[in-house]
2 protein chains.
Amino acid sequence: MKTQYYTSSSLDGFLATEDDSLDWLFALGDISQTSYPAFIKDVGAIAMGSATYEWILRHAQEVSDQTGSPWPYTQPTWVFTSRKLPVIPGAKVSFANGDVTALHHEMQAAAAGRNIWVMGGGDLAGQFHDAGLLDEIIVQIGSVTLGRGKPLFPRRVLSPDLALVSVTQVGTGFAELTYSVSRNGR
Amino acid sequence: MKTQYYTSSSLDGFLATEDDSLDWLFALGDISQTSYPAFIKDVGAIAMGSATYEWILRHAQEVSDQTGSPWPYTQPTWVFTSRKLPVIPGAKVSFANGDVTALHHEMQAAAAGRNIWVMGGGDLAGQFHDAGLLDEIIVQIGSVTLGRGKPLFPRRVLSPDLALVSVTQVGTGFAELTYSVSRNGR
């Protein structure tokens with residue numbers, strides 16, 4: 001069972017534009033050609049920040065067009081937020097606040113041997129790393145530069161605590177990079 | 001003859017720390033294992049910004065240890081700066097100021113059919129792109145995150161103007177990504 005930060009990013013390290021647009025992303029390729037279908041099969045629980053969740057809320061139609069459902073996840077999901085947010089019908093969502101370590105225990109139990117997906121944003125992934133809970137970072141680097149935007153991973157992690165495991169090209173639109181993260185290196 | 005922005009970067013899109021340190025970089029691997037030896041053979045002229053040049057001045061010993069010389073380039077080099085900077089003995093350096101287009105003509109003549117290497121920083125590479133002069137971006141993504149620092153490429157270039165050509169893994173320390181840049185996309 002691994003805790004994985006799996007995300008897309010621009011070449012210059014941004015998850016989204018400053019106003020949380022992902023329009024640049026969907027032009028890049030077909031998600032079914034990437035590692036995503038194999039990845040999601042092994043996911044047993046999901047963690048996401050409020051900006052990620054609210055993006056899904058605001059883009060219900062777009063998500064539905066891309067995936068067939070406004071909430072395409074069957075896994076129990078924890079949304080890290082200090083605010084009250086609406087629940088998408090049919091979504092197995094819990095709202096969580098505070099330290100990620102206690103929640104990670106709860107997520108591990110729910111995942112029942114499968115992996116935990118930290119969907120983002122970057123600071124939430126950083127909090128899992130700060131707590132020594134992150135095992136892998138998998139980035140689909142899109143063939144764009146954004147110049148500014150929401151940071152991929154606002155932390156300093158140096159060699160050898162981050163180690164490149166594999167690289168894969170997906171057409172002209174994506175390079176998939178998989179890194180192992182040393183839990184001791186936090 | 002191509003104009004290439006060839007550089008290393010952190011996974012999160014920084015060329016260097018905020019105080020221009022590259023200490024994180026040299027721990028990552030042996031440059032002779034990367035595409036660099038093949039790349040530099042085809043370079044006929046070099047462009048760099050003043051921060052890059054001053055880094056080489058300040059790190060003469062380190063550069064010498066890594067490459068055998070405090071100025072390891074035989075190619076004529078243009079340093080873009082508005083200030084008067086010292087010349088490294090033996091270096092074929094010209095100081096340039098202003099628009100990159102006129103200088104690019106001069107560099108093309110000097111390169112005599114070989115490629116032009118835009119070494120950095122990110123904004124100088126951006127100026128070449130703004131002028132429609134950039135053909136390729138080649139990034140050696142090191143297995144580190146810096147959290148903040150000098151930006152890789154402070155421009156917005158979307159699909160299909162940037163297209164991934166190839167990806168190569170170099171040990172656990174580097175992923176080399178090569179992109180073609182559409183000159184029409186500026």
# chains A, B, ... in the order shown; residues from 1 in each chain; ligands from 1
$ closest_atom_pairs --of "chain A" --to "chain B" --cutoff "6 Å" --atoms "only C-alpha atoms" --output "CSV"
residue,atom,partner,partner_atom,distance
A:Asp12,CA,B:Gly13,CA,4.2
A:Gly13,CA,B:Asp12,CA,4.2
A:Ser143,CA,B:Leu162,CA,5.6
A:Val144,CA,B:Leu158,CA,4.7
A:Thr145,CA,B:Arg156,CA,5.1
A:Leu146,CA,B:Arg156,CA,4.3
A:Gly147,CA,B:Pro154,CA,4.2
A:Pro154,CA,B:Gly147,CA,4.2
A:Arg155,CA,B:Gly147,CA,4.4
A:Arg156,CA,B:Leu146,CA,4.3
A:Val157,CA,B:Thr145,CA,5.1
A:Leu158,CA,B:Val144,CA,4.7
A:Leu162,CA,B:Ser143,CA,5.6
A:Ala163,CA,B:Thr172,CA,5.0
A:Leu164,CA,B:Thr172,CA,4.3
A:Thr172,CA,B:Leu164,CA,4.3
$ write_last_selection --atoms "C-alpha atoms" --output "PDB file, in the first residue's frame"
ATOM      1  CA  ASP A  12       7.353  24.879 -15.519  1.00  0.00           C
ATOM      2  CA  GLY A  13       5.782  23.328 -12.438  1.00  0.00           C
ATOM      3  CA  SER A 143       3.687  20.138 -23.095  1.00  0.00           C
ATOM      4  CA  VAL A 144       2.883  23.681 -21.986  1.00  0.00           C
ATOM      5  CA  THR A 145       4.450  26.417 -19.941  1.00  0.00           C
ATOM      6  CA  LEU A 146       2.129  28.627 -17.903  1.00  0.00           C
ATOM      7  CA  GLY A 147       4.608  31.197 -16.582  1.00  0.00           C
ATOM      8  CA  PRO A 154       5.867  23.912  -2.599  1.00  0.00           C
ATOM      9  CA  ARG A 155       8.542  22.041  -0.671  1.00  0.00           C
ATOM     10  CA  ARG A 156      12.306  21.511  -0.913  1.00  0.00           C
ATOM     11  CA  VAL A 157      13.166  17.824  -1.377  1.00  0.00           C
ATOM     12  CA  LEU A 158      16.720  17.131  -2.531  1.00  0.00           C
ATOM     13  CA  LEU A 162      13.599  11.956  -4.438  1.00  0.00           C
ATOM     14  CA  ALA A 163      14.635   9.321  -6.990  1.00  0.00           C
ATOM     15  CA  LEU A 164      13.421   8.957 -10.569  1.00  0.00           C
ATOM     16  CA  THR A 172       3.508  14.855 -27.979  1.00  0.00           C
TER      17      THR A 172
END
$ select_by_dssp --residues "region 31-145 of chain A" --states "alpha helix (DSSP H)" --output "JSON list (two decimals) with N, CA, C and O atoms, in the first residue's frame"
[["chain", "number", "residue", "atom", "x", "y", "z"],
["A", 36, "TYR", "N", -3.18, 6.52, -16.27],
["A", 36, "TYR", "CA", -4.30, 6.72, -15.36],
["A", 36, "TYR", "C", -5.21, 5.50, -15.19],
["A", 36, "TYR", "O", -5.52, 5.13, -14.05],
["A", 37, "PRO", "N", -5.65, 4.86, -16.27],
["A", 37, "PRO", "CA", -6.56, 3.71, -16.08],
["A", 37, "PRO", "C", -5.95, 2.61, -15.20],
["A", 37, "PRO", "O", -6.66, 2.03, -14.36],
["A", 38, "ALA", "N", -4.65, 2.33, -15.37],
["A", 38, "ALA", "CA", -3.99, 1.32, -14.54],
["A", 38, "ALA", "C", -3.82, 1.84, -13.11],
["A", 38, "ALA", "O", -4.02, 1.10, -12.13],
["A", 39, "PHE", "N", -3.48, 3.11, -12.99],
["A", 39, "PHE", "CA", -3.26, 3.72, -11.68],
["A", 39, "PHE", "C", -4.52, 3.68, -10.82],
["A", 39, "PHE", "O", -4.50, 3.27, -9.66],
["A", 40, "ILE", "N", -5.64, 4.11, -11.39],
["A", 40, "ILE", "CA", -6.86, 4.31, -10.59],
["A", 40, "ILE", "C", -7.42, 2.97, -10.08],
["A", 40, "ILE", "O", -8.05, 2.92, -9.02],
["A", 41, "LYS", "N", -7.14, 1.89, -10.82],
["A", 41, "LYS", "CA", -7.60, 0.55, -10.39],
["A", 41, "LYS", "C", -7.05, 0.16, -9.02],
["A", 41, "LYS", "O", -7.69, -0.62, -8.30],
["A", 50, "SER", "N", -9.47, 21.61, -0.83],
["A", 50, "SER", "CA", -10.75, 22.24, -1.15],
["A", 50, "SER", "C", -10.75, 22.86, -2.54],
["A", 50, "SER", "O", -11.76, 22.84, -3.24],
["A", 51, "ALA", "N", -9.60, 23.40, -2.99],
["A", 51, "ALA", "CA", -9.57, 24.01, -4.32],
["A", 51, "ALA", "C", -9.81, 22.96, -5.40],
["A", 51, "ALA", "O", -10.51, 23.22, -6.39],
["A", 52, "THR", "N", -9.25, 21.76, -5.20],
["A", 52, "THR", "CA", -9.46, 20.68, -6.16],
["A", 52, "THR", "C", -10.93, 20.26, -6.17],
["A", 52, "THR", "O", -11.54, 20.09, -7.24],
["A", 53, "TYR", "N", -11.50, 20.09, -4.97],
["A", 53, "TYR", "CA", -12.91, 19.68, -4.87],
["A", 53, "TYR", "C", -13.82, 20.74, -5.50],
["A", 53, "TYR", "O", -14.75, 20.40, -6.25],
["A", 54, "GLU", "N", -13.56, 21.99, -5.20],
["A", 54, "GLU", "CA", -14.42, 23.05, -5.74],
["A", 54, "GLU", "C", -14.26, 23.18, -7.25],
["A", 54, "GLU", "O", -15.20, 23.59, -7.94],
["A", 55, "TRP", "N", -13.09, 22.83, -7.77],
["A", 55, "TRP", "CA", -12.92, 22.80, -9.22],
["A", 55, "TRP", "C", -13.88, 21.76, -9.82],
["A", 55, "TRP", "O", -14.55, 22.03, -10.83],
["A", 56, "ILE", "N", -13.93, 20.58, -9.19],
["A", 56, "ILE", "CA", -14.83, 19.52, -9.70],
["A", 56, "ILE", "C", -16.29, 19.99, -9.61],
["A", 56, "ILE", "O", -17.07, 19.78, -10.55],
["A", 57, "LEU", "N", -16.65, 20.65, -8.51],
["A", 57, "LEU", "CA", -18.02, 21.18, -8.36],
["A", 57, "LEU", "C", -18.35, 22.16, -9.49],
["A", 57, "LEU", "O", -19.42, 22.08, -10.11],
["A", 58, "ARG", "N", -17.43, 23.07, -9.75],
["A", 58, "ARG", "CA", -17.68, 24.12, -10.75],
["A", 58, "ARG", "C", -17.70, 23.57, -12.17],
["A", 58, "ARG", "O", -18.29, 24.16, -13.06],
["A", 60, "ALA", "N", -18.71, 20.47, -13.27],
["A", 60, "ALA", "CA", -19.46, 19.20, -13.31],
["A", 60, "ALA", "C", -19.70, 18.74, -14.75],
["A", 60, "ALA", "O", -19.52, 17.56, -15.07],
["A", 61, "GLN", "N", -20.06, 19.68, -15.62],
["A", 61, "GLN", "CA", -20.37, 19.31, -17.00],
["A", 61, "GLN", "C", -19.12, 18.81, -17.73],
["A", 61, "GLN", "O", -19.14, 17.78, -18.42],
["A", 62, "GLU", "N", -18.02, 19.55, -17.54],
["A", 62, "GLU", "CA", -16.75, 19.20, -18.19],
["A", 62, "GLU", "C", -16.24, 17.83, -17.70],
["A", 62, "GLU", "O", -15.80, 17.00, -18.49],
["A", 63, "VAL", "N", -16.32, 17.63, -16.38],
["A", 63, "VAL", "CA", -15.89, 16.36, -15.81],
["A", 63, "VAL", "C", -16.76, 15.23, -16.37],
["A", 63, "VAL", "O", -16.28, 14.16, -16.73],
["A", 64, "SER", "N", -18.04, 15.49, -16.45],
["A", 64, "SER", "CA", -18.99, 14.51, -16.98],
["A", 64, "SER", "C", -18.67, 14.18, -18.44],
["A", 64, "SER", "O", -18.68, 13.00, -18.84],
["A", 65, "ASP", "N", -18.37, 15.20, -19.22],
["A", 65, "ASP", "CA", -18.02, 14.99, -20.63],
["A", 65, "ASP", "C", -16.75, 14.14, -20.76],
["A", 65, "ASP", "O", -16.64, 13.29, -21.65],
["A", 66, "GLN", "N", -15.78, 14.40, -19.88],
["A", 66, "GLN", "CA", -14.49, 13.70, -19.96],
["A", 66, "GLN", "C", -14.59, 12.27, -19.44],
["A", 66, "GLN", "O", -13.88, 11.37, -19.91],
["A", 67, "THR", "N", -15.41, 12.07, -18.40],
["A", 67, "THR", "CA", -15.35, 10.80, -17.67],
["A", 67, "THR", "C", -16.68, 10.05, -17.64],
["A", 67, "THR", "O", -16.73, 8.90, -17.18],
["A", 100, "VAL", "N", -2.84, 15.74, 8.97],
["A", 100, "VAL", "CA", -3.09, 14.67, 8.01],
["A", 100, "VAL", "C", -2.79, 13.29, 8.58],
["A", 100, "VAL", "O", -3.29, 12.29, 8.06],
["A", 101, "THR", "N", -1.99, 13.20, 9.65],
["A", 101, "THR", "CA", -1.57, 11.89, 10.14],
["A", 101, "THR", "C", -2.75, 11.05, 10.64],
["A", 101, "THR", "O", -2.88, 9.86, 10.29],
["A", 102, "ALA", "N", -3.62, 11.66, 11.46],
["A", 102, "ALA", "CA", -4.78, 10.93, 11.97],
["A", 102, "ALA", "C", -5.68, 10.50, 10.81],
["A", 102, "ALA", "O", -6.17, 9.36, 10.76],
["A", 103, "LEU", "N", -5.87, 11.41, 9.87],
["A", 103, "LEU", "CA", -6.72, 11.10, 8.72],
["A", 103, "LEU", "C", -6.10, 9.99, 7.86],
["A", 103, "LEU", "O", -6.82, 9.17, 7.27],
["A", 104, "HIS", "N", -4.79, 9.97, 7.80],
["A", 104, "HIS", "CA", -4.11, 8.96, 7.00],
["A", 104, "HIS", "C", -4.39, 7.56, 7.55],
["A", 104, "HIS", "O", -4.60, 6.61, 6.78],
["A", 105, "HIS", "N", -4.44, 7.44, 8.87],
["A", 105, "HIS", "CA", -4.81, 6.15, 9.48],
["A", 105, "HIS", "C", -6.21, 5.72, 9.03],
["A", 105, "HIS", "O", -6.43, 4.58, 8.63],
["A", 106, "GLU", "N", -7.13, 6.68, 9.09],
["A", 106, "GLU", "CA", -8.52, 6.41, 8.70],
["A", 106, "GLU", "C", -8.59, 6.02, 7.21],
["A", 106, "GLU", "O", -9.29, 5.07, 6.84],
["A", 107, "MET", "N", -7.80, 6.72, 6.40],
["A", 107, "MET", "CA", -7.80, 6.43, 4.97],
["A", 107, "MET", "C", -7.19, 5.05, 4.69],
["A", 107, "MET", "O", -7.68, 4.32, 3.82],
["A", 108, "GLN", "N", -6.15, 4.71, 5.41],
["A", 108, "GLN", "CA", -5.52, 3.39, 5.24],
["A", 108, "GLN", "C", -6.52, 2.28, 5.52],
["A", 108, "GLN", "O", -6.59, 1.29, 4.79],
["A", 109, "ALA", "N", -7.29, 2.45, 6.59],
["A", 109, "ALA", "CA", -8.29, 1.45, 6.94],
["A", 109, "ALA", "C", -9.31, 1.32, 5.80],
["A", 109, "ALA", "O", -9.67, 0.22, 5.38],
["A", 110, "ALA", "N", -9.76, 2.46, 5.28],
["A", 110, "ALA", "CA", -10.75, 2.46, 4.21],
["A", 110, "ALA", "C", -10.17, 1.88, 2.92],
["A", 110, "ALA", "O", -10.89, 1.21, 2.16],
["A", 111, "ALA", "N", -8.90, 2.12, 2.67],
["A", 111, "ALA", "CA", -8.29, 1.68, 1.42],
["A", 111, "ALA", "C", -8.11, 0.16, 1.38],
["A", 111, "ALA", "O", -7.99, -0.42, 0.30],
["A", 122, "GLY", "N", -0.85, 21.13, -4.40],
["A", 122, "GLY", "CA", 0.53, 20.95, -4.03],
["A", 122, "GLY", "C", 0.79, 21.05, -2.54],
["A", 122, "GLY", "O", 1.60, 20.29, -1.99],
["A", 123, "ASP", "N", 0.09, 21.96, -1.87],
["A", 123, "ASP", "CA", 0.36, 22.11, -0.44],
["A", 123, "ASP", "C", -0.16, 20.92, 0.35],
["A", 123, "ASP", "O", 0.47, 20.50, 1.32],
["A", 124, "LEU", "N", -1.29, 20.36, -0.06],
["A", 124, "LEU", "CA", -1.80, 19.16, 0.63],
["A", 124, "LEU", "C", -0.80, 18.00, 0.45],
["A", 124, "LEU", "O", -0.47, 17.31, 1.42],
["A", 125, "ALA", "N", -0.30, 17.82, -0.76],
["A", 125, "ALA", "CA", 0.73, 16.79, -0.99],
["A", 125, "ALA", "C", 1.94, 17.07, -0.10],
["A", 125, "ALA", "O", 2.53, 16.16, 0.48],
["A", 126, "GLY", "N", 2.30, 18.36, 0.00],
["A", 126, "GLY", "CA", 3.41, 18.74, 0.86],
["A", 126, "GLY", "C", 3.17, 18.40, 2.32],
["A", 126, "GLY", "O", 4.08, 17.96, 3.02],
["A", 127, "GLN", "N", 1.92, 18.56, 2.78],
["A", 127, "GLN", "CA", 1.59, 18.21, 4.17],
["A", 127, "GLN", "C", 1.76, 16.71, 4.41],
["A", 127, "GLN", "O", 2.24, 16.30, 5.47],
["A", 128, "PHE", "N", 1.37, 15.88, 3.45],
["A", 128, "PHE", "CA", 1.59, 14.44, 3.59],
["A", 128, "PHE", "C", 3.09, 14.15, 3.64],
["A", 128, "PHE", "O", 3.54, 13.32, 4.43],
["A", 129, "HIS", "N", 3.86, 14.85, 2.82],
["A", 129, "HIS", "CA", 5.32, 14.65, 2.85],
["A", 129, "HIS", "C", 5.90, 15.12, 4.19],
["A", 129, "HIS", "O", 6.74, 14.43, 4.79],
["A", 130, "ASP", "N", 5.46, 16.28, 4.65],
["A", 130, "ASP", "CA", 5.95, 16.81, 5.94],
["A", 130, "ASP", "C", 5.74, 15.79, 7.06],
["A", 130, "ASP", "O", 6.55, 15.68, 7.97]]
$ select_by_dssp --residues "region 76-175 of chain B" --states "strand (DSSP E)" --output "number ranges by chain"
B: 77-80, 93-96, 115-120, 136-142, 150-151, 162-170, 174-175
$ atom_distance --atom1 "CA of Met119 (chain A)" --atom2 "CA of Thr17 (chain B)"
26.6 Å
$ closest_residue --among "A:Ala112, A:Leu134, A:Met48, A:Ala16" --to "Thr81 (chain A)" --atoms "only C-alpha atoms"
A:Met48
$ residues_around --residues "region 86-92 of chain B" --least-positions-apart "3" --cutoff "9 Å" --atoms "only C-alpha atoms" --output "PyMOL selection string"
chain B and resi 57+70-78
$ atom_distance --atom1 "CA of Gly68 (chain B)" --atom2 "CA of Gly113 (chain B)"
27.2 Å
$ residues_around --residues "Lys2 (chain B)" --least-positions-apart "6" --cutoff "8 Å" --atoms "only C-alpha atoms" --output "PyMOL selection string"
chain B and resi 114-116+134-136
$ atom_distance --atom1 "CA of Thr3 (chain A)" --atom2 "CA of Asn184 (chain A)"
14.5 Å
